[in-house]
file start-v6.cif (mmCIF, C-alpha atoms and all ligand atoms)
data_protein
#
loop_
_atom_site.label_atom_id
_atom_site.label_comp_id
_atom_site.auth_asym_id
_atom_site.auth_seq_id
_atom_site.Cartn_x
_atom_site.Cartn_y
_atom_site.Cartn_z
CA MET A 151 52.40 49.56 143.39
CA ASP A 152 53.29 50.65 146.94
CA VAL A 153 56.70 49.52 148.10
CA GLU A 154 56.07 50.72 151.66
CA LEU A 155 54.07 48.29 153.75
CA THR A 156 50.90 49.44 155.46
CA GLU A 157 50.71 49.14 159.25
CA THR A 158 48.61 45.99 158.93
CA GLN A 159 51.00 44.38 156.44
CA ALA A 160 54.01 45.21 158.62
CA LEU A 161 52.21 43.82 161.67
CA VAL A 162 51.38 40.54 159.90
CA GLN A 163 55.01 40.28 158.72
CA ARG A 164 56.36 40.87 162.24
CA THR A 165 53.90 38.41 163.74
CA ALA A 166 54.86 35.72 161.23
CA ARG A 167 58.59 36.40 161.64
CA ASP A 168 58.38 36.18 165.40
CA PHE A 169 56.29 33.00 165.30
CA ALA A 170 58.61 31.45 162.71
CA LYS A 171 61.69 32.12 164.85
CA ARG A 172 60.18 31.07 168.16
CA VAL A 173 58.06 28.09 167.16
CA VAL A 174 58.57 26.93 163.57
CA ALA A 175 62.32 27.04 162.95
CA PRO A 176 63.45 25.13 166.06
CA ARG A 177 61.53 22.01 164.96
CA ALA A 178 62.02 22.20 161.17
CA ALA A 179 64.95 19.76 160.87
CA GLU A 180 63.42 17.32 163.34
CA ILE A 181 60.01 17.10 161.64
CA ASP A 182 61.69 16.81 158.25
CA ALA A 183 63.64 13.80 159.52
CA SER A 184 60.64 12.18 161.23
CA SER A 185 57.91 13.30 158.77
CA GLU A 186 55.93 14.26 161.86
CA PHE A 187 52.79 16.34 161.33
CA PRO A 188 53.33 19.61 163.25
CA ALA A 189 49.88 19.75 164.87
CA GLU A 190 50.87 22.13 167.67
CA THR A 191 52.56 24.51 165.24
CA LEU A 192 49.45 24.67 163.08
CA ARG A 193 47.30 25.41 166.12
CA GLY A 194 49.76 28.19 166.93
CA LEU A 195 49.47 29.56 163.37
CA ALA A 196 45.71 29.72 163.87
CA ASP A 197 46.16 31.48 167.22
CA VAL A 198 48.26 34.23 165.65
CA GLY A 199 45.79 34.68 162.79
CA LEU A 200 47.79 33.19 159.91
CA LEU A 201 45.43 30.48 158.65
CA ALA A 202 42.80 32.76 157.08
CA ILE A 203 44.60 35.94 156.12
CA ASN A 204 42.35 36.67 153.14
CA VAL A 205 39.12 35.89 154.98
CA ALA A 206 37.10 38.75 156.48
CA PRO A 207 37.22 39.29 160.27
CA GLU A 208 33.46 38.68 160.63
CA LEU A 209 34.16 35.11 159.42
CA GLY A 210 37.07 34.68 161.81
CA GLY A 211 39.86 35.66 159.42
CA SER A 212 42.41 38.47 159.54
CA GLY A 213 41.20 40.19 156.36
CA ALA A 214 44.72 41.53 155.89
CA GLY A 215 44.93 40.89 152.13
CA ALA A 216 47.21 39.25 149.59
CA VAL A 217 50.35 41.33 150.26
CA ALA A 218 50.15 40.51 153.98
CA TYR A 219 49.57 36.85 153.12
CA ALA A 220 52.60 36.76 150.81
CA LEU A 221 54.79 38.34 153.50
CA ALA A 222 53.60 35.87 156.13
CA MET A 223 54.18 32.89 153.82
CA GLN A 224 57.75 34.07 153.15
CA GLU A 225 58.51 34.21 156.87
CA ILE A 226 57.04 30.80 157.68
CA ALA A 227 58.67 29.13 154.64
CA ARG A 228 62.03 30.62 155.58
CA ALA A 229 61.74 28.58 158.77
CA CYS A 230 59.97 25.44 157.47
CA ALA A 231 58.66 24.80 153.96
CA SER A 232 56.47 21.88 155.13
CA THR A 233 54.58 24.05 157.59
CA ALA A 234 54.28 26.78 154.97
CA VAL A 235 52.61 24.56 152.36
CA MET A 236 49.93 23.48 154.84
CA MET A 237 49.39 27.10 155.83
CA SER A 238 49.11 27.96 152.13
CA VAL A 239 46.50 25.35 151.26
CA THR A 240 44.40 26.14 154.34
CA ASN A 241 44.39 29.83 153.45
CA MET A 242 43.44 28.93 149.87
CA VAL A 243 40.51 26.75 150.95
CA GLY A 244 39.20 29.35 153.43
CA GLU A 245 39.41 32.07 150.83
CA ALA A 246 37.62 29.98 148.18
CA ILE A 247 34.77 29.26 150.61
CA ALA A 248 34.56 32.92 151.66
CA ARG A 249 34.42 33.96 148.03
CA PHE A 250 32.21 31.32 146.42
CA GLY A 251 30.28 29.89 149.38
CA THR A 252 26.73 30.55 150.50
CA ASP A 253 26.26 32.37 153.80
CA ALA A 254 25.65 29.05 155.52
CA GLN A 255 28.84 27.51 154.05
CA ARG A 256 30.89 30.54 155.01
CA ARG A 257 29.60 30.59 158.57
CA ARG A 258 30.14 26.87 158.97
CA PHE A 259 33.61 26.44 157.50
CA CYS A 260 35.52 29.75 157.54
CA PRO A 261 35.67 30.23 161.33
CA ALA A 262 36.57 26.53 161.74
CA LEU A 263 39.52 26.92 159.33
CA ALA A 264 40.64 30.25 160.76
CA SER A 265 40.62 29.01 164.35
CA GLY A 266 42.35 25.71 163.62
CA GLN A 267 39.27 23.79 164.78
CA ALA A 268 39.17 22.12 161.35
CA VAL A 269 42.97 21.58 161.71
CA LEU A 270 43.49 22.11 157.97
CA GLY A 271 41.74 22.63 154.67
CA SER A 272 42.62 20.40 151.70
CA PHE A 273 42.31 21.20 148.02
CA ALA A 274 41.42 18.04 146.09
CA LEU A 275 41.66 18.76 142.37
CA SER A 276 44.43 16.47 141.03
CA GLU A 277 43.82 12.85 140.15
CA PRO A 278 46.11 9.94 139.25
CA ASP A 279 45.56 10.69 135.53
CA ALA A 280 44.79 14.42 135.65
CA GLY A 281 47.24 16.95 137.07
CA SER A 282 48.17 19.69 134.60
CA ASP A 283 44.92 19.02 132.75
CA PRO A 284 42.18 19.08 135.42
CA GLY A 285 39.54 19.47 132.69
CA SER A 286 40.02 15.73 132.05
CA LEU A 287 39.37 14.63 135.64
CA ARG A 288 37.21 11.54 136.09
CA THR A 289 35.70 11.73 139.58
CA THR A 290 31.95 11.93 139.16
CA ALA A 291 29.11 13.40 141.18
CA ARG A 292 25.59 12.19 140.43
CA ARG A 293 22.36 13.46 141.85
CA ASP A 294 20.72 11.06 144.27
CA GLY A 295 17.60 11.98 146.20
CA GLY A 296 18.22 15.43 147.67
CA GLY A 297 22.01 15.28 147.42
CA TRP A 298 25.00 14.06 145.44
CA VAL A 299 27.06 10.87 145.37
CA LEU A 300 30.76 11.19 144.57
CA ASP A 301 32.89 8.39 143.11
CA GLY A 302 36.51 8.50 142.02
CA ALA A 303 40.09 8.97 143.12
CA LYS A 304 42.21 12.00 144.00
CA GLN A 305 45.99 12.12 144.13
CA TRP A 306 48.64 14.29 145.83
CA ILE A 307 46.32 15.90 148.35
CA THR A 308 48.29 18.06 150.79
CA GLY A 309 47.22 17.73 154.40
CA GLY A 310 44.56 15.12 153.53
CA THR A 311 45.25 12.91 156.56
CA HIS A 312 44.35 15.67 158.99
CA ALA A 313 41.99 17.94 157.06
CA GLY A 314 38.60 18.75 158.54
CA VAL A 315 37.38 20.22 155.25
CA PHE A 316 38.11 19.19 151.66
CA VAL A 317 37.22 21.12 148.54
CA VAL A 318 36.69 18.37 145.95
CA TRP A 319 36.15 18.71 142.21
CA ALA A 320 33.95 16.24 140.37
CA ARG A 321 32.33 15.85 136.99
CA THR A 322 28.65 16.77 136.96
CA GLY A 323 28.36 17.24 133.21
CA PRO A 324 29.08 14.84 130.34
CA PRO A 325 32.78 13.97 129.71
CA ALA A 326 32.57 15.82 126.38
CA ALA A 327 31.92 19.05 128.31
CA GLY A 328 35.53 18.92 129.60
CA SER A 329 36.30 21.73 132.03
CA ARG A 330 32.74 23.10 131.61
CA GLY A 331 31.27 19.99 133.23
CA LEU A 332 32.99 20.24 136.63
CA SER A 333 31.50 21.23 139.97
CA CYS A 334 33.04 21.80 143.33
CA PHE A 335 31.94 20.23 146.64
CA LEU A 336 32.72 20.77 150.31
CA LEU A 337 33.38 17.52 152.08
CA GLU A 338 34.01 17.11 155.79
CA GLY A 339 36.79 14.86 156.98
CA GLY A 340 35.38 11.51 158.10
CA THR A 341 32.44 11.56 155.65
CA PRO A 342 31.48 7.90 154.98
CA GLY A 343 32.90 6.78 151.63
CA LEU A 344 35.92 9.12 151.85
CA ARG A 345 39.04 7.01 152.32
CA VAL A 346 42.43 8.61 152.90
CA GLY A 347 45.39 6.59 151.63
CA PRO A 348 48.93 6.36 153.02
CA PRO A 349 51.22 9.40 152.68
CA GLU A 350 53.64 9.53 149.75
CA ASP A 351 57.31 9.01 150.65
CA LYS A 352 58.51 12.34 149.24
CA MET A 353 61.86 13.95 148.44
CA GLY A 354 61.05 17.12 150.40
CA ILE A 355 58.40 18.97 152.42
CA ARG A 356 58.35 15.72 154.35
CA ALA A 357 56.41 16.95 157.36
CA SER A 358 53.41 17.83 155.19
CA ASP A 359 51.48 14.71 154.28
CA THR A 360 50.53 14.21 150.63
CA VAL A 361 47.91 11.50 150.20
CA PRO A 362 45.63 9.82 147.70
CA LEU A 363 41.89 9.89 148.37
CA GLU A 364 39.28 7.37 147.38
CA LEU A 365 35.68 8.47 147.02
CA ASP A 366 33.46 5.42 147.15
CA ALA A 367 29.76 6.29 146.97
CA CYS A 368 30.52 9.30 149.11
CA ARG A 369 27.21 11.01 149.80
CA VAL A 370 26.95 14.76 150.36
CA PRO A 371 23.86 16.97 150.78
CA ALA A 372 22.71 19.31 148.01
CA ASP A 373 24.05 22.31 149.92
CA ALA A 374 27.61 20.88 149.80
CA MET A 375 28.11 22.32 146.31
CA LEU A 376 30.49 25.30 146.31
CA GLY A 377 29.59 27.77 143.58
CA ASP A 378 27.33 26.92 140.68
CA GLU A 379 26.77 23.57 139.04
CA ASN A 380 29.26 22.97 136.20
CA ALA A 381 31.13 26.16 137.15
CA GLY A 382 33.74 24.44 139.33
CA PHE A 383 36.62 24.99 136.92
CA LYS A 384 36.37 28.74 137.46
CA VAL A 385 36.55 28.22 141.23
CA ALA A 386 39.69 26.09 140.77
CA MET A 387 41.43 28.54 138.44
CA MET A 388 40.68 31.56 140.64
CA ALA A 389 41.85 29.72 143.75
CA LEU A 390 45.02 28.62 141.96
CA ASP A 391 45.84 32.18 140.84
CA GLY A 392 45.91 33.19 144.51
CA GLY A 393 47.64 29.94 145.47
CA ARG A 394 50.46 30.72 143.05
CA ILE A 395 51.26 33.87 145.00
CA GLY A 396 51.49 31.59 148.03
CA ILE A 397 53.90 29.16 146.36
CA ALA A 398 56.00 32.01 144.91
CA SER A 399 56.25 33.24 148.51
CA GLN A 400 57.07 29.79 149.83
CA ALA A 401 59.90 29.53 147.28
CA LEU A 402 61.14 32.99 148.27
CA GLY A 403 61.25 31.98 151.92
CA ILE A 404 63.26 28.86 151.06
CA SER A 405 65.68 30.95 148.93
CA ARG A 406 66.20 33.37 151.82
CA ALA A 407 66.95 30.51 154.19
CA ALA A 408 69.48 29.11 151.68
CA LEU A 409 71.15 32.53 151.39
CA ASP A 410 71.22 33.03 155.20
CA GLU A 411 72.94 29.65 155.67
CA SER A 412 75.34 30.29 152.79
CA VAL A 413 76.47 33.69 154.11
CA ARG A 414 77.00 32.27 157.60
CA TYR A 415 78.98 29.30 156.28
CA ALA A 416 81.03 31.31 153.76
CA LYS A 417 82.22 33.71 156.47
CA ASP A 418 83.18 30.84 158.73
CA ARG A 419 84.70 28.20 156.44
CA GLN A 420 88.38 28.62 155.67
CA ALA A 421 90.11 27.49 152.48
CA PHE A 422 93.50 28.57 151.10
CA GLY A 423 94.12 30.64 154.22
CA SER A 424 90.97 32.78 154.17
CA PRO A 425 87.21 32.50 154.63
CA ILE A 426 85.65 31.17 151.42
CA ALA A 427 83.52 34.37 151.38
CA GLU A 428 86.67 36.13 150.17
CA HIS A 429 86.83 34.00 147.02
CA GLN A 430 85.17 35.71 144.10
CA ALA A 431 83.47 32.53 142.84
CA ILE A 432 81.59 32.29 146.16
CA GLN A 433 80.80 36.02 146.21
CA TRP A 434 79.23 35.80 142.75
CA LYS A 435 76.99 32.96 143.85
CA LEU A 436 75.85 35.02 146.84
CA ALA A 437 75.32 38.07 144.61
CA ASP A 438 73.20 36.07 142.17
CA MET A 439 71.16 34.55 144.98
CA ARG A 440 70.42 37.95 146.44
CA THR A 441 69.57 39.49 143.05
CA HIS A 442 67.18 36.65 142.19
CA ILE A 443 65.56 36.89 145.63
CA ASP A 444 64.91 40.59 145.13
CA ALA A 445 63.53 40.04 141.62
CA ALA A 446 61.28 37.24 142.89
CA TYR A 447 60.14 39.45 145.76
CA LEU A 448 59.17 42.28 143.41
CA LEU A 449 57.28 39.96 141.04
CA THR A 450 55.48 38.32 143.96
CA MET A 451 54.59 41.62 145.60
CA ARG A 452 53.32 42.98 142.29
CA ALA A 453 50.99 39.99 141.85
CA ALA A 454 49.76 40.34 145.44
CA TRP A 455 49.31 44.08 145.09
CA CYS A 456 47.27 43.62 141.87
CA LYS A 457 45.10 41.10 143.70
CA ASP A 458 44.51 43.47 146.62
CA ALA A 459 43.73 46.31 144.18
CA GLY A 460 41.08 44.16 142.45
CA ARG A 461 43.06 44.13 139.20
CA PRO A 462 43.61 41.07 137.00
CA PHE A 463 46.61 39.13 138.32
CA THR A 464 46.62 35.74 136.57
CA ARG A 465 49.67 36.53 134.42
CA GLU A 466 51.43 38.31 137.29
CA ALA A 467 50.88 35.32 139.62
CA SER A 468 52.25 32.88 137.02
CA MET A 469 55.30 35.08 136.40
CA ALA A 470 55.98 35.32 140.12
CA LYS A 471 55.53 31.58 140.61
CA VAL A 472 57.71 30.42 137.71
CA PHE A 473 60.50 32.89 138.48
CA SER A 474 60.53 32.48 142.24
CA SER A 475 60.38 28.67 142.17
CA GLU A 476 63.13 28.28 139.57
CA ALA A 477 65.26 30.87 141.40
CA ALA A 478 64.78 28.88 144.62
CA ILE A 479 66.09 25.69 143.06
CA ARG A 480 69.16 27.55 141.74
CA ALA A 481 69.76 29.29 145.07
CA CYS A 482 69.46 26.06 147.04
CA ASN A 483 71.71 24.21 144.62
CA ASP A 484 74.32 26.97 145.01
CA ALA A 485 73.91 26.82 148.78
CA VAL A 486 74.81 23.12 148.74
CA GLN A 487 77.83 23.93 146.55
CA ILE A 488 78.99 26.67 148.91
CA HIS A 489 78.80 24.19 151.79
CA GLY A 490 81.02 21.73 149.86
CA GLY A 491 80.85 18.15 151.17
CA TYR A 492 79.01 19.27 154.32
CA GLY A 493 76.23 20.61 152.12
CA TYR A 494 75.52 17.06 151.03
CA THR A 495 74.87 15.89 154.58
CA ARG A 496 72.05 16.38 157.09
CA GLU A 497 74.46 18.17 159.41
CA PHE A 498 73.52 21.43 157.64
CA PRO A 499 70.07 22.57 156.45
CA ALA A 500 71.24 23.28 152.88
CA GLU A 501 70.27 19.82 151.60
CA ARG A 502 66.77 20.16 153.17
CA HIS A 503 66.25 23.48 151.46
CA LEU A 504 67.17 21.95 148.09
CA ARG A 505 64.80 19.00 148.61
CA ASP A 506 62.02 21.36 149.75
CA ALA A 507 62.53 23.83 146.90
CA ARG A 508 62.29 21.13 144.24
CA VAL A 509 58.52 20.72 144.42
CA THR A 510 57.78 24.42 143.97
CA THR A 511 58.13 24.16 140.17
CA ILE A 512 55.68 21.25 140.17
CA TYR A 513 52.65 21.93 142.37
CA GLU A 514 49.98 24.60 141.86
CA GLY A 515 50.79 24.25 138.15
CA THR A 516 54.18 23.22 136.79
CA SER A 517 56.64 25.72 135.31
CA GLU A 518 55.55 24.56 131.86
CA ILE A 519 51.92 25.41 132.67
CA GLN A 520 52.91 28.82 134.13
CA ARG A 521 54.76 29.61 130.89
CA THR A 522 51.69 28.57 128.91
CA VAL A 523 49.56 31.00 130.96
CA ILE A 524 52.10 33.80 130.47
CA ALA A 525 52.43 33.09 126.74
CA ARG A 526 48.64 33.27 126.31
CA ALA A 527 48.70 36.73 127.87
CA VAL A 528 51.66 37.79 125.70
CA LEU A 529 49.95 36.53 122.55
CA GLY A 530 46.55 37.91 123.51
CA THR A 531 44.97 34.46 123.39
CA ALA A 532 43.96 34.24 127.10
CA SER A 533 40.25 33.42 127.49
C1 LIG B 1 54.03 17.33 147.07
C2 LIG B 1 52.86 17.61 146.20
C3 LIG B 1 51.72 18.19 146.76
C4 LIG B 1 50.61 18.44 145.96
N1 LIG B 1 49.47 18.95 146.55
C5 LIG B 1 48.33 19.02 145.82
C6 LIG B 1 47.09 19.38 146.44
O1 LIG B 1 47.03 19.69 147.64
N2 LIG B 1 45.97 19.37 145.69
C7 LIG B 1 45.97 19.04 144.37
O2 LIG B 1 44.92 19.06 143.75
N3 LIG B 1 47.14 18.70 143.74
C8 LIG B 1 48.30 18.68 144.44
N4 LIG B 1 49.48 18.31 143.83
C9 LIG B 1 49.46 17.92 142.42
C10 LIG B 1 50.18 18.89 141.50
O3 LIG B 1 49.44 20.06 141.35
C11 LIG B 1 50.43 18.14 140.19
O4 LIG B 1 51.43 17.17 140.45
C12 LIG B 1 50.86 19.06 139.07
O5 LIG B 1 49.81 19.91 138.70
C13 LIG B 1 51.36 18.29 137.85
O6 LIG B 1 50.46 17.29 137.49
P1 LIG B 1 50.98 15.79 137.23
O7 LIG B 1 51.80 15.40 138.41
O8 LIG B 1 49.81 14.95 136.89
O9 LIG B 1 51.94 15.93 136.00
P2 LIG B 1 51.50 15.90 134.46
O10 LIG B 1 50.35 16.80 134.25
O11 LIG B 1 51.37 14.49 134.04
O12 LIG B 1 52.77 16.54 133.78
C14 LIG B 1 53.98 15.81 133.56
C15 LIG B 1 54.95 16.74 132.83
O13 LIG B 1 54.39 17.13 131.57
C16 LIG B 1 54.34 18.55 131.49
N5 LIG B 1 53.15 18.96 130.75
C17 LIG B 1 51.86 18.55 130.92
N6 LIG B 1 51.05 19.19 130.08
C18 LIG B 1 51.82 20.06 129.37
C19 LIG B 1 51.56 21.03 128.36
N7 LIG B 1 50.32 21.26 127.92
N8 LIG B 1 52.60 21.72 127.87
C20 LIG B 1 53.87 21.52 128.33
N9 LIG B 1 54.17 20.62 129.27
C21 LIG B 1 53.16 19.91 129.81
C22 LIG B 1 54.28 19.03 132.93
O14 LIG B 1 54.70 20.37 133.06
C23 LIG B 1 55.21 18.04 133.59
O15 LIG B 1 56.54 18.45 133.41
C24 LIG B 1 50.64 18.11 144.59
C25 LIG B 1 51.80 17.56 144.03
C26 LIG B 1 52.89 17.30 144.82
C27 LIG B 1 54.11 16.67 144.20
#

call {"tool": "encode", "arguments": {"input": "start-v6.cif", "output": "structure tokens", "more": "lines below"}}
Ligand SMILES: Cc1cc2nc3c(=O)[nH]c(=O)nc-3n(C[C@H](O)[C@H](O)[C@H](O)COP(=O)(O)OP(=O)(O)OC[C@H]3O[C@@H](n4cnc5c(N)ncnc54)[C@H](O)[C@@H]3O)c2cc1C
result
Amino acid sequence: MDVELTETQALVQRTARDFAKRVVAPRAAEIDASSEFPAETLRGLADVGLLAINVAPELGGSGAGAVAYALAMQEIARACASTAVMMSVTNMVGEAIARFGTDAQRRRFCPALASGQAVLGSFALSEPDAGSDPGSLRTTARRDGGGWVLDGAKQWITGGTHAGVFVVWARTGPPAAGSRGLSCFLLEGGTPGLRVGPPEDKMGIRASDTVPLELDACRVPADAMLGDENAGFKVAMMALDGGRIGIASQALGISRAALDESVRYAKDRQAFGSPIAEHQAIQWKLADMRTHIDAAYLLTMRAAWCKDAGRPFTREASMAKVFSSEAAIRACNDAVQIHGGYGYTREFPAERHLRDARVTTIYEGTSEIQRTVIARAVLGTAS
């Protein structure tokens, strides 16, 4: 694994850092408080090439690879975790279409996602009764004339209110086929029969909408299928492997923000006649935060590097995701503690970081599911 960044990777990192400082960070607290969708910011992310980092340039993307993507996600999440999750899911959708789509699907959707014309991409796998176990999902797709008709309900869909393109999973085989009876469809926002419900009132990442979807006799043409019939589970799992690098990076960015705020506060706040940074109990918290950030960074970069090198990276992505997300919750909790009573108020960003970090052990596969993936690899029982 190379620890030195290539010119392209360093350029993407600098671009993201600059954009995060200039555009994303100044509005992060405000859009958290108002739950406002940052439409302008997302257009800006498209303009600087950060919405399709793993999509080839001929399809409108940057083609900069997984390491560059992980670096960019860290920078944006350090400024605003809500913006970062929408960037993450849009990148994931564009990459899935570039990888599994037909030429016509790629040409239609990838440039639209990369340029921000589609606003966002949404990934609609989870359902009210199927999250960790997507093989049990109940949405159906039945053949009708030349196309398909989708019926069912989706839950927790990031960016669903604004998305121009949804990747939706539905059952095309018998229920007994489980995960081998699922197919994947591309659905445009505004398709008749697709109803977007009201956003969830969430603990954190409040400026990214999370919505239920209802699919009521939602008709799509035959060429809306992404990948092969009944092979949709593979599309989901491969997309989620890459997505986990994104969430590990999001968690890393949040941890870094928590450490930045903690260092600043600890040097400034006086107690017992000296800055609290001089008390060993505070120093140890800062030392642990920094150590966990570096460990999370190395795990995340290793997973991204394996992906770029065309090596298997499922286990590596799960290890990065479980470690980085759990480290983020610890770091943010310590940041609140370092801020004392002020950490418990909206006057300082520490409480936002803790609320934002909390979801990273839940979405794109919970920590329990990541450990199951890792254990399968350890035991040699991975399929
Ligand atoms: C803010 C937010 C945004 C999201 N965005 C999206 C999105 O854009 N697209 C999308 O498709 N989904 C999205 N999700 C859904 C997310 O991926 C699921 O919430 C997650 O996979 C867990 O599923 P669940 O909520 O149904 O929990 P459940 O699967 O019901 O799990 C409940 C608990 O049981 C544990 N558990 C379940 N099975 C096992 C097992 N075999 N072994 C050990 N423990 C187990 C889980 O780890 C968890 O602790 C989002 C969720 C949130 C909160």

call {"tool": "residues_around", "arguments": {"input": "start-v6.cif", "residues": "A:Ala183", "least_positions_apart": "3", "cutoff": "10 Å", "atoms": "all atoms listed in the file", "output": "list in words"}}
result
Ala178, Ala179, Glu180, Glu186, Arg356, Ala357, Arg496 and Arg502 of chain A

call {"tool": "write_last_selection", "arguments": {"input": "start-v6.cif", "atoms": "C-alpha atoms", "output": "mmCIF file, in the frame of the given file"}}
result
data_model
loop_
_atom_site.group_PDB
_atom_site.id
_atom_site.type_symbol
_atom_site.label_atom_id
_atom_site.label_comp_id
_atom_site.auth_asym_id
_atom_site.auth_seq_id
_atom_site.Cartn_x
_atom_site.Cartn_y
_atom_site.Cartn_z
ATOM 1 C CA ALA A 178 62.020 22.200 161.170
ATOM 2 C CA ALA A 179 64.950 19.760 160.870
ATOM 3 C CA GLU A 180 63.420 17.320 163.340
ATOM 4 C CA GLU A 186 55.930 14.260 161.860
ATOM 5 C CA ARG A 356 58.350 15.720 154.350
ATOM 6 C CA ALA A 357 56.410 16.950 157.360
ATOM 7 C CA ARG A 496 72.050 16.380 157.090
ATOM 8 C CA ARG A 502 66.770 20.160 153.170
#

call {"tool": "residues_around", "arguments": {"input": "start-v6.cif", "residues": "stretch 401-405 of chain A", "least_positions_apart": "2", "cutoff": "8 Å", "atoms": "only C-alpha atoms", "output": "VMD selection string"}}
result
chain A and resid 223 to 231 397 to 399 407 to 409 439 443 446 to 447 474 to 475 477 to 479 481 to 482 503 506 to 507 510

call {"tool": "residues_near_ligand", "arguments": {"input": "start-v6.cif", "ligand": "ligand LIG 1 (chain B)", "cutoff": "8 Å", "atoms": "all atoms listed in the file", "output": "ChimeraX atom specification"}}
result
/A:239,272-283,304-310,352,354-355,360,509,512-519,522

call {"tool": "residues_around", "arguments": {"input": "start-v6.cif", "residues": "A:Phe259", "least_positions_apart": "5", "cutoff": "9 Å", "atoms": "only C-alpha atoms", "output": "list in words"}}
result
Leu209, Gly244, Ile247, Ala248, Ala254, Ala264, Ala268 and Val315 of chain A

call {"tool": "closest_atom_pairs", "arguments": {"input": "start-v6.cif", "of": "stretch 383-483 of chain A", "to": "stretch 329-343 of chain A", "cutoff": "9 Å", "atoms": "all atoms listed in the file", "output": "tab-separated table"}}
result
residue	atom	partner	partner_atom	distance
A:Phe383	CA	A:Ser329	CA	5.9
A:Lys384	CA	A:Ser329	CA	8.9
A:Val385	CA	A:Cys334	CA	7.6
A:Ala386	CA	A:Cys334	CA	8.3

call {"tool": "atom_distance", "arguments": {"input": "start-v6.cif", "atom1": "atom CA of A:Leu287", "atom2": "atom CA of A:Phe473"}}
result
28.1 Å

call {"tool": "closest_residue", "arguments": {"input": "start-v6.cif", "among": "A:Ala166, A:Met151, A:Leu200, A:Ala372", "to": "A:Gly296", "atoms": "all atoms listed in the file"}}
result
A:Ala372

call {"tool": "closest_residue", "arguments": {"input": "start-v6.cif", "among": "A:Gly323, A:Gly490, A:Gly302, A:Gly382", "to": "A:Arg345", "atoms": "all atoms listed in the file"}}
result
A:Gly302

call {"tool": "atom_distance", "arguments": {"input": "start-v6.cif", "atom1": "atom CA of A:Ala327", "atom2": "atom CA of A:Pro284"}}
result
12.5 Å

call {"tool": "closest_residue", "arguments": {"input": "start-v6.cif", "among": "A:Val370, A:Arg406, A:Tyr219, A:Cys456", "to": "A:His442", "atoms": "only C-alpha atoms"}}
result
A:Arg406

call {"tool": "closest_residue", "arguments": {"input": "start-v6.cif", "among": "A:Ser412, A:Gln430, A:Thr290, A:Asn204", "to": "A:Gly396", "atoms": "only C-alpha atoms"}}
result
A:Asn204

call {"tool": "closest_residue", "arguments": {"input": "start-v6.cif", "among": "A:Met236, A:Val528, A:Leu344, A:Ile181", "to": "A:Ala196", "atoms": "all atoms listed in the file"}}
result
A:Met236

call {"tool": "residues_around", "arguments": {"input": "start-v6.cif", "residues": "A:Ala262", "least_positions_apart": "3", "cutoff": "12 Å", "atoms": "all atoms listed in the file", "output": "PyMOL selection string"}}
result
chain A and resi 193+196+201-202+205+209-211+240-241+243-244+247+255-259+265-271+313-315+338

call {"tool": "write_last_selection", "arguments": {"input": "start-v6.cif", "atoms": "C-alpha atoms", "output": "PDB file, keeping the file's coordinate frame"}}
result
ATOM      1  CA  ARG A 193      47.300  25.410 166.120  1.00  0.00           C
ATOM      2  CA  ALA A 196      45.710  29.720 163.870  1.00  0.00           C
ATOM      3  CA  LEU A 201      45.430  30.480 158.650  1.00  0.00           C
ATOM      4  CA  ALA A 202      42.800  32.760 157.080  1.00  0.00           C
ATOM      5  CA  VAL A 205      39.120  35.890 154.980  1.00  0.00           C
ATOM      6  CA  LEU A 209      34.160  35.110 159.420  1.00  0.00           C
ATOM      7  CA  GLY A 210      37.070  34.680 161.810  1.00  0.00           C
ATOM      8  CA  GLY A 211      39.860  35.660 159.420  1.00  0.00           C
ATOM      9  CA  THR A 240      44.400  26.140 154.340  1.00  0.00           C
ATOM     10  CA  ASN A 241      44.390  29.830 153.450  1.00  0.00           C
ATOM     11  CA  VAL A 243      40.510  26.750 150.950  1.00  0.00           C
ATOM     12  CA  GLY A 244      39.200  29.350 153.430  1.00  0.00           C
ATOM     13  CA  ILE A 247      34.770  29.260 150.610  1.00  0.00           C
ATOM     14  CA  GLN A 255      28.840  27.510 154.050  1.00  0.00           C
ATOM     15  CA  ARG A 256      30.890  30.540 155.010  1.00  0.00           C
ATOM     16  CA  ARG A 257      29.600  30.590 158.570  1.00  0.00           C
ATOM     17  CA  ARG A 258      30.140  26.870 158.970  1.00  0.00           C
ATOM     18  CA  PHE A 259      33.610  26.440 157.500  1.00  0.00           C
ATOM     19  CA  SER A 265      40.620  29.010 164.350  1.00  0.00           C
ATOM     20  CA  GLY A 266      42.350  25.710 163.620  1.00  0.00           C
ATOM     21  CA  GLN A 267      39.270  23.790 164.780  1.00  0.00           C
ATOM     22  CA  ALA A 268      39.170  22.120 161.350  1.00  0.00           C
ATOM     23  CA  VAL A 269      42.970  21.580 161.710  1.00  0.00           C
ATOM     24  CA  LEU A 270      43.490  22.110 157.970  1.00  0.00           C
ATOM     25  CA  GLY A 271      41.740  22.630 154.670  1.00  0.00           C
ATOM     26  CA  ALA A 313      41.990  17.940 157.060  1.00  0.00           C
ATOM     27  CA  GLY A 314      38.600  18.750 158.540  1.00  0.00           C
ATOM     28  CA  VAL A 315      37.380  20.220 155.250  1.00  0.00           C
ATOM     29  CA  GLU A 338      34.010  17.110 155.790  1.00  0.00           C
TER      30      GLU A 338
END

call {"tool": "residues_around", "arguments": {"input": "start-v6.cif", "residues": "A:Lys417", "least_positions_apart": "5", "cutoff": "8 Å", "atoms": "all atoms listed in the file", "output": "PyMOL selection string"}}
result
chain A and resi 425-427

call {"tool": "closest_residue", "arguments": {"input": "start-v6.cif", "among": "A:Arg521, A:His489, A:Arg452, A:Arg465", "to": "A:Arg419", "atoms": "only C-alpha atoms"}}
result
A:His489
